[in-house]
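J.: So I've got this file, input.cif, and it contains mmCIF, C-alpha atoms and all ligand atoms:
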data_structure
loop_
_atom_site.label_atom_id
_atom_site.label_comp_id
_atom_site.auth_asym_id
_atom_site.auth_seq_id
_atom_site.Cartn_x
_atom_site.Cartn_y
_atom_site.Cartn_z
CA MET R 85 -6.51 -19.65 5.28
CA SER R 86 -5.99 -17.60 2.13
CA VAL R 87 -3.50 -14.69 2.18
CA ARG R 88 -5.21 -11.28 1.88
CA THR R 89 -3.55 -8.71 -0.41
CA PRO R 90 -3.31 -5.38 1.45
CA THR R 91 -3.67 -1.92 -0.09
CA LEU R 92 -0.39 0.03 0.04
CA GLU R 93 -0.84 3.79 -0.08
CA GLY R 94 1.68 6.19 -1.60
CA ALA R 95 1.63 9.90 -2.40
CA ARG R 96 0.55 9.51 -6.04
CA VAL R 97 -0.11 5.79 -6.49
CA ASN R 98 -1.61 2.95 -4.49
CA LEU R 99 -0.93 -0.75 -4.84
CA ARG R 100 -4.06 -2.86 -4.40
CA ALA R 101 -5.35 -6.35 -5.19
CA PRO R 102 -6.47 -6.92 -8.80
CA GLU R 103 -10.26 -6.81 -9.22
CA ALA R 104 -12.60 -8.25 -11.87
CA ARG R 105 -12.86 -4.85 -13.63
CA ASP R 106 -9.06 -4.87 -14.18
CA HIS R 107 -8.66 -8.33 -15.64
CA GLU R 108 -9.11 -7.71 -19.38
CA GLN R 109 -6.77 -4.71 -19.44
CA MET R 110 -4.19 -6.54 -17.33
CA PHE R 111 -4.33 -9.56 -19.63
CA SER R 112 -3.90 -7.37 -22.67
CA TRP R 113 -0.86 -5.54 -21.20
CA TYR R 114 0.64 -8.76 -19.85
CA ASN R 115 0.63 -10.35 -23.30
CA ASP R 116 1.68 -7.34 -25.38
CA PRO R 117 5.41 -7.51 -26.23
CA GLU R 118 5.42 -3.76 -26.89
CA ILE R 119 4.32 -3.15 -23.29
CA VAL R 120 6.38 -5.71 -21.38
CA SER R 121 9.47 -5.57 -23.60
CA PRO R 122 12.27 -5.82 -22.61
CA PHE R 123 10.84 -7.35 -19.45
CA ASP R 124 11.63 -11.06 -19.38
CA ARG R 125 8.13 -12.37 -20.00
CA PHE R 126 7.08 -13.37 -23.47
CA GLU R 127 4.50 -16.08 -22.96
CA LEU R 128 0.96 -16.00 -24.26
CA ASP R 129 -1.55 -17.33 -21.74
CA GLY R 130 -5.20 -18.01 -22.35
CA PHE R 131 -7.50 -15.63 -20.46
CA ASP R 132 -8.85 -18.45 -18.26
CA ASP R 133 -5.30 -19.55 -17.34
CA PHE R 134 -4.44 -15.94 -16.53
CA LEU R 135 -7.46 -15.62 -14.21
CA ALA R 136 -6.59 -18.93 -12.53
CA SER R 137 -3.00 -17.73 -11.94
CA LEU R 138 -4.27 -14.44 -10.42
CA ARG R 139 -6.53 -16.38 -8.05
CA ALA R 140 -3.77 -18.79 -6.98
CA THR R 141 -0.98 -16.22 -6.62
CA PRO R 142 -1.62 -14.76 -3.12
CA ASP R 143 -1.10 -18.24 -1.63
CA ASP R 144 1.86 -19.23 -3.83
CA PRO R 145 5.17 -17.50 -2.96
CA ARG R 146 6.76 -18.77 -6.16
CA SER R 147 4.09 -17.45 -8.52
CA THR R 148 5.31 -14.97 -11.13
CA ALA R 149 1.80 -13.64 -11.88
CA PRO R 150 0.83 -10.05 -10.96
CA ARG R 151 0.07 -9.52 -7.25
CA PHE R 152 -0.80 -5.82 -7.09
CA VAL R 153 -2.33 -3.32 -9.47
CA ILE R 154 -0.66 0.12 -9.61
CA GLU R 155 -3.47 2.67 -9.37
CA ASP R 156 -3.41 6.43 -9.81
CA ARG R 157 -4.44 7.64 -6.38
CA ALA R 158 -6.46 10.66 -7.53
CA ARG R 159 -8.26 9.18 -10.53
CA HIS R 160 -8.36 5.51 -9.49
CA GLU R 161 -7.09 4.50 -12.93
CA MET R 162 -5.02 1.36 -13.30
CA LEU R 163 -1.50 2.25 -14.51
CA GLY R 164 0.20 -1.14 -14.37
CA PHE R 165 1.02 -3.99 -12.03
CA VAL R 166 3.81 -5.50 -9.96
CA GLY R 167 4.72 -8.88 -8.57
CA HIS R 168 7.23 -10.73 -6.44
CA TYR R 169 8.32 -14.35 -6.31
CA GLU R 170 10.71 -16.66 -4.51
CA ALA R 171 13.48 -16.90 -7.05
CA HIS R 172 15.73 -19.54 -5.52
CA PRO R 173 15.07 -22.97 -3.96
CA VAL R 174 17.57 -22.48 -1.10
CA LEU R 175 18.50 -18.80 -0.71
CA ALA R 176 16.07 -16.31 0.83
CA GLU R 177 15.77 -14.51 -2.49
CA VAL R 178 12.48 -12.69 -3.14
CA ASP R 179 12.62 -10.88 -6.46
CA ILE R 180 10.29 -8.16 -7.67
CA TRP R 181 9.09 -7.17 -11.14
CA TYR R 182 7.03 -4.23 -12.39
CA VAL R 183 5.24 -2.99 -15.50
CA MET R 184 3.79 0.46 -16.15
CA GLY R 185 1.23 -0.74 -18.69
CA ARG R 186 -0.14 2.74 -19.36
CA VAL R 187 2.72 4.04 -21.49
CA ALA R 188 1.57 7.69 -21.25
CA SER R 189 2.17 7.54 -17.49
CA ARG R 190 5.80 6.45 -17.76
CA GLY R 191 8.70 8.79 -17.02
CA GLN R 192 6.92 10.67 -14.18
CA GLY R 193 8.37 8.82 -11.22
CA LEU R 194 5.21 6.74 -10.72
CA GLY R 195 6.92 3.40 -11.43
CA SER R 196 9.62 4.22 -8.86
CA GLU R 197 6.99 5.15 -6.30
CA ALA R 198 5.09 1.90 -6.90
CA VAL R 199 8.25 -0.19 -6.58
CA GLY R 200 9.21 1.69 -3.41
CA LEU R 201 5.84 0.77 -1.87
CA LEU R 202 6.35 -2.88 -2.82
CA VAL R 203 9.89 -2.96 -1.42
CA ASP R 204 8.81 -1.36 1.88
CA HIS R 205 5.97 -3.88 2.17
CA LEU R 206 8.27 -6.85 1.52
CA LEU R 207 10.96 -5.61 3.89
CA ALA R 208 8.33 -5.12 6.60
CA THR R 209 6.51 -8.44 6.12
CA GLY R 210 8.75 -10.76 4.09
CA PRO R 211 10.88 -13.65 5.28
CA ALA R 212 14.28 -11.93 4.79
CA PRO R 213 15.85 -8.48 5.31
CA ARG R 214 16.50 -8.27 1.60
CA VAL R 215 14.62 -7.77 -1.68
CA GLY R 216 16.15 -8.62 -5.05
CA ALA R 217 15.57 -7.77 -8.69
CA THR R 218 17.05 -8.60 -12.05
CA SER R 219 17.17 -6.37 -15.10
CA ASP R 220 18.29 -6.91 -18.66
CA VAL R 221 21.48 -4.83 -18.95
CA GLU R 222 19.91 -3.00 -21.91
CA ASN R 223 16.75 -2.07 -20.00
CA VAL R 224 17.84 1.43 -19.02
CA ALA R 225 14.45 2.50 -17.60
CA SER R 226 14.41 -0.53 -15.32
CA THR R 227 18.01 -0.18 -14.07
CA LYS R 228 17.47 3.54 -13.43
CA LEU R 229 14.25 2.81 -11.57
CA LEU R 230 15.96 0.27 -9.32
CA GLU R 231 18.83 2.62 -8.55
CA ARG R 232 16.42 5.48 -7.82
CA VAL R 233 14.61 3.25 -5.30
CA GLY R 234 17.97 2.48 -3.65
CA PHE R 235 18.89 -0.93 -5.06
CA ARG R 236 22.58 -1.72 -5.43
CA ARG R 237 23.95 -3.54 -8.45
CA GLU R 238 25.54 -6.73 -7.16
CA GLY R 239 26.72 -8.40 -10.35
CA THR R 240 25.99 -9.53 -13.88
CA ILE R 241 24.69 -12.91 -15.00
CA ARG R 242 25.88 -13.45 -18.54
CA SER R 243 23.81 -14.93 -21.40
CA VAL R 244 20.91 -15.92 -19.15
CA LEU R 245 17.82 -14.41 -20.78
CA PHE R 246 16.67 -15.27 -24.31
CA HIS R 247 14.50 -12.79 -26.17
CA HIS R 248 14.37 -11.05 -29.52
CA GLY R 249 16.44 -13.82 -31.11
CA ARG R 250 19.49 -13.77 -28.84
CA TRP R 251 20.83 -14.30 -25.32
CA HIS R 252 21.05 -11.25 -23.05
CA ASP R 253 23.09 -10.43 -19.94
CA VAL R 254 21.18 -9.50 -16.80
CA PHE R 255 22.16 -7.31 -13.82
CA LEU R 256 21.50 -8.63 -10.32
CA TYR R 257 20.24 -6.01 -7.86
CA GLY R 258 19.46 -6.08 -4.16
CA ILE R 259 18.35 -3.81 -1.35
CA THR R 260 18.47 -4.55 2.39
CA LYS R 261 16.42 -3.23 5.27
CA ALA R 262 19.38 -1.18 6.47
CA GLU R 263 19.59 0.59 3.10
CA ARG R 264 15.92 1.57 2.91
CA PRO R 265 14.76 3.91 5.67
CA THR R 266 11.53 2.93 7.40
CA PRO R 267 8.62 4.80 5.75
CA ALA R 268 6.76 7.35 7.86
CA PRO R 269 3.52 5.91 9.36
C1 LIG L 301 10.62 0.13 -16.22
C2 LIG L 301 9.33 0.94 -16.07
C3 LIG L 301 8.41 0.24 -15.05
C4 LIG L 301 9.67 2.34 -15.55
O1 LIG L 301 8.47 3.00 -15.18
P1 LIG L 301 8.40 4.60 -15.08
O2 LIG L 301 7.13 4.96 -14.39
O3 LIG L 301 8.66 5.20 -16.40
O4 LIG L 301 9.65 4.90 -14.11
P2 LIG L 301 10.00 6.31 -13.44
O5 LIG L 301 9.27 7.41 -14.10
O6 LIG L 301 9.86 6.13 -11.98
O7 LIG L 301 11.55 6.47 -13.85
C5 LIG L 301 12.55 5.71 -13.25
C6 LIG L 301 13.88 6.11 -13.85
O8 LIG L 301 13.97 5.61 -15.19
C7 LIG L 301 14.20 6.68 -16.12
N1 LIG L 301 13.48 6.32 -17.33
C8 LIG L 301 12.15 6.08 -17.46
N2 LIG L 301 11.87 5.72 -18.73
C9 LIG L 301 13.06 5.74 -19.39
C10 LIG L 301 13.44 5.43 -20.73
N3 LIG L 301 12.52 5.03 -21.63
N4 LIG L 301 14.75 5.54 -21.06
C11 LIG L 301 15.68 5.91 -20.15
N5 LIG L 301 15.38 6.20 -18.86
C12 LIG L 301 14.08 6.11 -18.50
C13 LIG L 301 13.67 7.91 -15.42
O9 LIG L 301 14.27 9.09 -15.91
C14 LIG L 301 14.09 7.62 -13.99
O10 LIG L 301 15.47 7.84 -13.82
P3 LIG L 301 16.02 9.06 -12.92
O11 LIG L 301 15.66 8.73 -11.49
O12 LIG L 301 17.49 9.04 -13.19
O13 LIG L 301 15.31 10.27 -13.43
C15 LIG L 301 8.58 1.09 -17.42
O14 LIG L 301 9.46 1.66 -18.37
C16 LIG L 301 8.04 -0.23 -17.96
O15 LIG L 301 6.94 -0.65 -17.59
N6 LIG L 301 8.81 -0.90 -18.86
C17 LIG L 301 8.39 -2.17 -19.44
C18 LIG L 301 8.39 -3.32 -18.43
C19 LIG L 301 9.79 -3.53 -17.85
O16 LIG L 301 10.78 -3.49 -18.54
N7 LIG L 301 9.83 -3.82 -16.51
C20 LIG L 301 11.11 -3.98 -15.81
C21 LIG L 301 11.56 -5.38 -15.65
S1 LIG L 301 10.72 -6.23 -14.34
#
Since I need it in another form, could you write the structure as structure tokens?

T.:
Amino acid sequence: MSVRTPTLEGARVNLRAPEARDHEQMFSWYNDPEIVSPFDRFELDGFDDFLASLRATPDDPRSTAPRFVIEDRARHEMLGFVGHYEAHPVLAEVDIWYVMGRVASRGQGLGSEAVGLLVDHLLATGPAPRVGATSDVENVASTKLLERVGFRREGTIRSVLFHHGRWHDVFLYGITKAERPTPAP
């Protein structure tokens, strides 16, 4: 049976399953280096491949494609998307990623709220009492977001991510169930 993507409701944003009306905008954001940079994704997919990956993702724990759209709760506008994937073949390591595609909506705490919803969902339903994330050490917005949500920096992996013509260091982050209070019902 196929996994159903729930809707996760926050104060200002919801996370919901991607719908057909979102696909073109998502594809355009996903493949725009100005939007995803310095996020560690720089591939160019064809639109049909992108749609196929969206369809397959709910049933594939290792998929790095988007799983939820971030939507403005009042206006129902798509602001970005988030995903999670099993990042290690042995360890119970589920890592998250996030993009606020609508640049005008950045810097208002909406990305942090969206990531908080995703973390709470994974801690409540996922296989382990932990959620992980990685961030390029130079990606200040991303490291600040993770720390605002309550992630702890656990280390640095050196020279592990190639983009913009050179190798970059990456911070490892994690948050456990004990560190994230249970959200109010
Ligand atoms: C990272 C990203 C999702 C942040 O989204 P956002 O909605 O702007 O985040 P928030 O408004 O919740 O801000 C989170 C923190 O980052 C800070 N911040 C946001 N943009 C910033 C910037 N350009 N420079 C420095 N700090 C920034 C905020 O001040 C806040 O920190 P604070 O709690 O100390 O005030 C967004 O910048 C983005 O989509 N970047 C491109 C994709 C990417 O790099 N994803 C991360 C890797 S998976």

J.: Grab me every residue within 10 Å of ligand LIG 301 (chain L), counting only C-alpha atoms and all ligand atoms, and send it over as a short mmCIF file (atom, residue, chain, number, x, y, z; two decimals) with C-alpha atoms, in the frame of the given file.

T.:
data_model
loop_
_atom_site.label_atom_id
_atom_site.label_comp_id
_atom_site.auth_asym_id
_atom_site.auth_seq_id
_atom_site.Cartn_x
_atom_site.Cartn_y
_atom_site.Cartn_z
CA TRP R 113 -0.86 -5.54 -21.20
CA TYR R 114 0.64 -8.76 -19.85
CA PRO R 117 5.41 -7.51 -26.23
CA GLU R 118 5.42 -3.76 -26.89
CA ILE R 119 4.32 -3.15 -23.29
CA VAL R 120 6.38 -5.71 -21.38
CA SER R 121 9.47 -5.57 -23.60
CA PRO R 122 12.27 -5.82 -22.61
CA PHE R 123 10.84 -7.35 -19.45
CA ASP R 124 11.63 -11.06 -19.38
CA ARG R 125 8.13 -12.37 -20.00
CA LEU R 163 -1.50 2.25 -14.51
CA GLY R 164 0.20 -1.14 -14.37
CA PHE R 165 1.02 -3.99 -12.03
CA VAL R 166 3.81 -5.50 -9.96
CA GLY R 167 4.72 -8.88 -8.57
CA HIS R 168 7.23 -10.73 -6.44
CA ASP R 179 12.62 -10.88 -6.46
CA ILE R 180 10.29 -8.16 -7.67
CA TRP R 181 9.09 -7.17 -11.14
CA TYR R 182 7.03 -4.23 -12.39
CA VAL R 183 5.24 -2.99 -15.50
CA MET R 184 3.79 0.46 -16.15
CA GLY R 185 1.23 -0.74 -18.69
CA ARG R 186 -0.14 2.74 -19.36
CA VAL R 187 2.72 4.04 -21.49
CA ALA R 188 1.57 7.69 -21.25
CA SER R 189 2.17 7.54 -17.49
CA ARG R 190 5.80 6.45 -17.76
CA GLY R 191 8.70 8.79 -17.02
CA GLN R 192 6.92 10.67 -14.18
CA GLY R 193 8.37 8.82 -11.22
CA LEU R 194 5.21 6.74 -10.72
CA GLY R 195 6.92 3.40 -11.43
CA SER R 196 9.62 4.22 -8.86
CA GLU R 197 6.99 5.15 -6.30
CA ALA R 198 5.09 1.90 -6.90
CA VAL R 199 8.25 -0.19 -6.58
CA GLY R 200 9.21 1.69 -3.41
CA ALA R 217 15.57 -7.77 -8.69
CA THR R 218 17.05 -8.60 -12.05
CA SER R 219 17.17 -6.37 -15.10
CA ASP R 220 18.29 -6.91 -18.66
CA GLU R 222 19.91 -3.00 -21.91
CA ASN R 223 16.75 -2.07 -20.00
CA VAL R 224 17.84 1.43 -19.02
CA ALA R 225 14.45 2.50 -17.60
CA SER R 226 14.41 -0.53 -15.32
CA THR R 227 18.01 -0.18 -14.07
CA LYS R 228 17.47 3.54 -13.43
CA LEU R 229 14.25 2.81 -11.57
CA LEU R 230 15.96 0.27 -9.32
CA GLU R 231 18.83 2.62 -8.55
CA ARG R 232 16.42 5.48 -7.82
CA VAL R 233 14.61 3.25 -5.30
#

J.: Please provide as a ChimeraX atom specification all residues within 12 Å of Gly216 in chain R, with the sequence filter that same-chain residues fewer than 4 positions apart are discarded (counting all atoms listed in the file).

T.: /R:167-172,175-181,199,202-203,206-207,210,212,230,233-239,255-261

J.: Do you know which residues are at most 12 Å from Pro90 in chain R counting only C-alpha atoms, after dropping those on the same chain fewer than 6 positions away, and could you put them as a list in words?

T.: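 In the requested form, the answer reads Asn98, Leu99, Arg100, Ala101, Pro102, Pro142, Arg151, Phe152, Val153, Leu201, Leu202, His205, Leu206 and Thr209 of chain R.
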
J.: When you count all atoms listed in the file, which of these residues is closest to Asp144 in chain R: R:Val87, R:Val174, R:Leu92, R:Val97?

T.: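 For Asp144 in chain R, the nearest of the candidates is R:Val87.
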
J.: Return the single residue from R:Arg146, R:His247, R:Arg96, R:His252 that is closest to His160 in chain R, with distances computed using all atoms listed in the file.

T.: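 Of R:Arg146, R:His247, R:Arg96, R:His252, the one nearest His160 in chain R, counting all atoms listed in the file, is R:Arg96.
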
J.: Counting all atoms listed in the file, write as a PyMOL selection string all protein and nucleic acid residues lying at most 10 Å from (-5.7, -16.2, -21.3) in the file's frame.

T.: chain R and resi 108+111-112+114-115+128-137

J.: I'd like the interatomic distance between CA of Pro150 in chain R and CA of Glu93 in chain R, to a tenth of an Å.

T.: 17.7 Å

J.: Which of these residues is nearest to Ala262 in chain R, using only C-alpha atoms: R:His107, R:Arg214, R:Arg88, R:Arg157?

T.: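 Checking each of R:His107, R:Arg214, R:Arg88, R:Arg157 against Ala262 in chain R, counting only C-alpha atoms, the winner is R:Arg214.
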
J.: My list of candidates is R:Asp143, R:Pro173, R:Asp116, R:Leu138. Which is closest to Ser86 in chain R when distances are computed with only C-alpha atoms?

T.: R:Asp143

J.: To one decimal in Å, tell me the separation between CA of Val254 in chain R and CA of Thr240 in chain R.

T.: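 The value is 5.6 Å.
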